[in-house]
file start01.cif (mmCIF, C-alpha atoms)
data_my_file
loop_
_atom_site.label_atom_id
_atom_site.label_comp_id
_atom_site.auth_asym_id
_atom_site.auth_seq_id
_atom_site.Cartn_x
_atom_site.Cartn_y
_atom_site.Cartn_z
CA MET A 441 186.51 23.01 26.53
CA MET A 442 182.74 23.13 26.57
CA GLY A 443 180.98 19.94 25.57
CA GLY A 444 181.35 16.27 26.28
CA TYR A 445 180.70 12.78 24.97
CA LEU A 446 177.55 10.77 24.32
CA ILE A 447 177.36 6.99 23.88
CA ILE A 448 174.34 5.55 22.08
CA GLY A 449 173.80 1.80 21.91
CA ASP A 450 170.78 0.42 20.09
CA PHE A 451 169.68 -1.59 17.08
CA GLN A 452 171.25 -0.29 13.88
CA PRO A 453 168.78 -0.68 11.02
CA SER A 454 169.54 0.44 7.47
CA ASN A 455 166.01 1.87 7.20
CA LEU A 456 163.32 3.11 9.55
CA ALA A 457 161.34 0.14 10.79
CA ARG A 458 158.23 -0.48 12.87
CA VAL A 459 158.58 -3.87 14.56
CA PRO A 460 156.09 -5.72 16.80
CA TYR A 461 157.30 -5.64 20.40
CA HIS A 462 158.45 -9.21 21.10
CA HIS A 463 157.66 -9.09 24.84
CA LEU A 464 153.97 -8.55 24.04
CA PRO A 465 153.39 -10.67 20.92
CA ASP A 466 149.58 -10.63 21.25
CA GLY A 467 149.30 -6.88 21.71
CA GLU A 468 149.48 -4.08 19.21
CA VAL A 469 152.65 -2.62 20.65
CA TYR A 470 155.57 -1.69 18.40
CA THR A 471 159.14 -0.51 18.65
CA TYR A 472 160.46 2.01 16.17
CA LYS A 473 163.97 1.28 14.99
CA GLN A 474 166.03 4.10 13.56
CA SER A 475 169.50 5.56 13.82
CA TYR A 476 169.23 7.65 16.96
CA ALA A 477 172.79 8.90 16.42
CA ALA A 478 171.60 10.54 13.19
CA THR A 479 169.27 12.76 15.23
CA PHE A 480 172.16 14.11 17.27
CA LEU A 481 174.50 14.41 14.28
CA ALA A 482 171.86 16.41 12.37
CA SER A 483 171.88 19.08 15.08
CA GLY A 484 175.40 20.11 14.08
CA LEU A 485 176.54 20.06 17.70
CA TYR A 486 177.89 16.50 17.61
CA ARG A 487 180.44 14.70 15.50
CA ALA A 488 181.03 10.97 15.29
CA VAL A 489 184.19 9.76 17.00
CA SER A 490 183.64 6.03 16.63
CA MET A 491 180.99 3.46 15.75
CA LEU A 492 181.04 -0.28 16.40
CA THR A 493 178.54 -2.76 15.00
CA GLY A 494 177.67 -6.20 16.21
CA MET A 495 175.01 -8.85 16.41
CA ALA A 496 172.47 -8.84 19.23
CA ASN A 497 171.94 -12.61 19.27
CA THR A 498 175.66 -13.54 19.54
CA ARG A 499 176.91 -10.34 21.24
CA MET A 500 179.84 -10.36 18.81
CA LEU A 501 181.35 -7.23 17.28
CA THR A 502 181.14 -7.66 13.52
CA PRO A 503 179.98 -5.59 10.55
CA GLU A 504 177.91 -8.57 9.39
CA GLY A 505 174.37 -9.19 10.49
CA THR A 506 170.79 -9.08 9.42
CA GLU A 507 168.57 -6.04 9.63
CA ASP A 508 166.74 -7.49 12.64
CA ASP A 509 169.86 -8.41 14.58
CA ARG A 510 172.43 -5.67 13.88
CA ILE A 511 173.28 -3.40 16.80
CA GLY A 512 175.44 -0.31 16.87
CA THR A 513 177.29 1.65 19.50
CA TRP A 514 178.16 5.24 18.66
CA LEU A 515 180.57 7.52 20.47
CA LEU A 516 179.70 11.14 19.70
CA ARG A 517 181.52 14.27 20.81
CA LYS A 518 179.58 17.42 21.54
CA SER A 519 181.12 20.85 21.20
CA LEU A 520 179.39 24.03 22.26
CA THR A 521 181.93 26.26 20.58
CA GLY A 522 182.57 26.84 16.90
CA HIS A 523 178.99 26.17 15.79
CA TYR A 524 177.40 29.50 16.40
CA LEU A 525 178.19 32.92 15.00
CA PRO A 526 179.00 35.49 17.66
CA GLN A 527 176.25 38.02 18.22
CA SER A 528 177.36 41.52 17.28
CA ARG A 529 176.96 44.16 19.95
CA ALA A 530 176.03 47.37 18.28
#
call {"tool": "encode", "arguments": {"input": "start01.cif", "output": "structure tokens"}}
result
Amino acid sequence: MMGGYLIIGDFQPSNLARVPYHHLPDGEVYTYKQSYAATFLASGLYRAVSMLTGMANTRMLTPEGTEDDRIGTWLLRKSLTGHYLPQSRA
């Protein structure tokens, strides 16, 4: 088998969000929250195996949570076969 697994753990917003970086509250530094798993899934090379959600402030696994506190952990599987058409040799 060619491929493997990828684990992504990060905040899990419902929408794209630009958030002031809390470690530098007086600076104009931002973090950009998005579903990074969606980037890999859009390539067509990965498929979702599992996804867990939780809350960052309590470190509890739960589907509940506010937009600012929800975290997600994705397990993606990558396959390098079956996605491409074979090149004909004429």
call {"tool": "resolve_selection", "arguments": {"input": "start01.cif", "expression": "the PyMOL selection byres ((chain A and resi 460) around 8)", "output": "VMD selection string"}}
result
chain A and resid 458 to 459 461 to 462 465 468 to 471
call {"tool": "residues_around", "arguments": {"input": "start01.cif", "residues": "region 515-521 of chain A", "least_positions_apart": "4", "cutoff": "12 Å", "atoms": "all atoms listed in the file", "output": "count of residues only"}}
result
29
call {"tool": "residues_around", "arguments": {"input": "start01.cif", "residues": "Gly494 (chain A)", "least_positions_apart": "5", "cutoff": "12 Å", "atoms": "all atoms listed in the file", "output": "count of residues only"}}
result
21
call {"tool": "axis_aligned_box", "arguments": {"input": "start01.cif", "around": "region 474-479 of chain A", "padding_each_side": "8 Å", "output": "JSON"}}
result
{"center_x": 169.4, "center_y": 8.4, "center_z": 15.1, "size_x": 22.8, "size_y": 24.7, "size_z": 19.8}
call {"tool": "build_atoms", "arguments": {"input": "start01.cif", "residues": "region 442-462 of chain A", "atoms": "N, CA and C atoms", "output": "compact mmCIF listing (two decimals), in the frame of the given file"}}
result
# COMPACT_ATOMS: atom_id res chain seq x y z
N MET A 442 184.15 23.31 26.24
CA MET A 442 182.74 23.13 26.57
C MET A 442 182.18 22.01 25.70
N GLY A 443 181.54 21.06 26.32
CA GLY A 443 180.98 19.94 25.57
C GLY A 443 181.14 18.67 26.35
N GLY A 444 181.21 17.57 25.64
CA GLY A 444 181.35 16.27 26.28
C GLY A 444 181.13 15.16 25.29
N TYR A 445 180.88 13.97 25.80
CA TYR A 445 180.70 12.78 24.97
C TYR A 445 179.34 12.15 25.24
N LEU A 446 178.82 11.47 24.23
CA LEU A 446 177.55 10.77 24.32
C LEU A 446 177.74 9.39 23.70
N ILE A 447 177.32 8.36 24.41
CA ILE A 447 177.36 6.99 23.88
C ILE A 447 175.92 6.55 23.64
N ILE A 448 175.66 6.06 22.44
CA ILE A 448 174.34 5.55 22.08
C ILE A 448 174.50 4.11 21.65
N GLY A 449 173.80 3.21 22.29
CA GLY A 449 173.80 1.80 21.91
C GLY A 449 172.38 1.35 21.64
N ASP A 450 172.13 0.85 20.44
CA ASP A 450 170.78 0.42 20.09
C ASP A 450 170.86 -0.41 18.81
N PHE A 451 169.72 -0.90 18.36
CA PHE A 451 169.68 -1.59 17.08
C PHE A 451 170.11 -0.62 16.00
N GLN A 452 170.70 -1.13 14.93
CA GLN A 452 171.25 -0.29 13.88
C GLN A 452 170.64 -0.69 12.53
N PRO A 453 169.40 -0.30 12.29
CA PRO A 453 168.78 -0.68 11.02
C PRO A 453 169.28 0.19 9.86
N SER A 454 169.19 -0.34 8.66
CA SER A 454 169.54 0.44 7.47
C SER A 454 168.42 1.42 7.13
N ASN A 455 167.19 1.05 7.49
CA ASN A 455 166.01 1.87 7.20
C ASN A 455 165.17 2.00 8.45
N LEU A 456 164.29 2.99 8.46
CA LEU A 456 163.32 3.11 9.55
C LEU A 456 162.44 1.87 9.55
N ALA A 457 162.14 1.36 10.72
CA ALA A 457 161.34 0.14 10.79
C ALA A 457 160.41 0.16 12.00
N ARG A 458 159.18 -0.27 11.78
CA ARG A 458 158.23 -0.48 12.87
C ARG A 458 158.13 -1.98 13.08
N VAL A 459 158.47 -2.44 14.27
CA VAL A 459 158.58 -3.87 14.56
C VAL A 459 157.67 -4.22 15.74
N PRO A 460 156.90 -5.30 15.64
CA PRO A 460 156.09 -5.72 16.80
C PRO A 460 156.98 -5.96 18.01
N TYR A 461 156.55 -5.51 19.16
CA TYR A 461 157.30 -5.64 20.40
C TYR A 461 157.26 -7.10 20.84
N HIS A 462 158.42 -7.76 20.88
CA HIS A 462 158.45 -9.21 21.10
C HIS A 462 158.06 -9.63 22.51
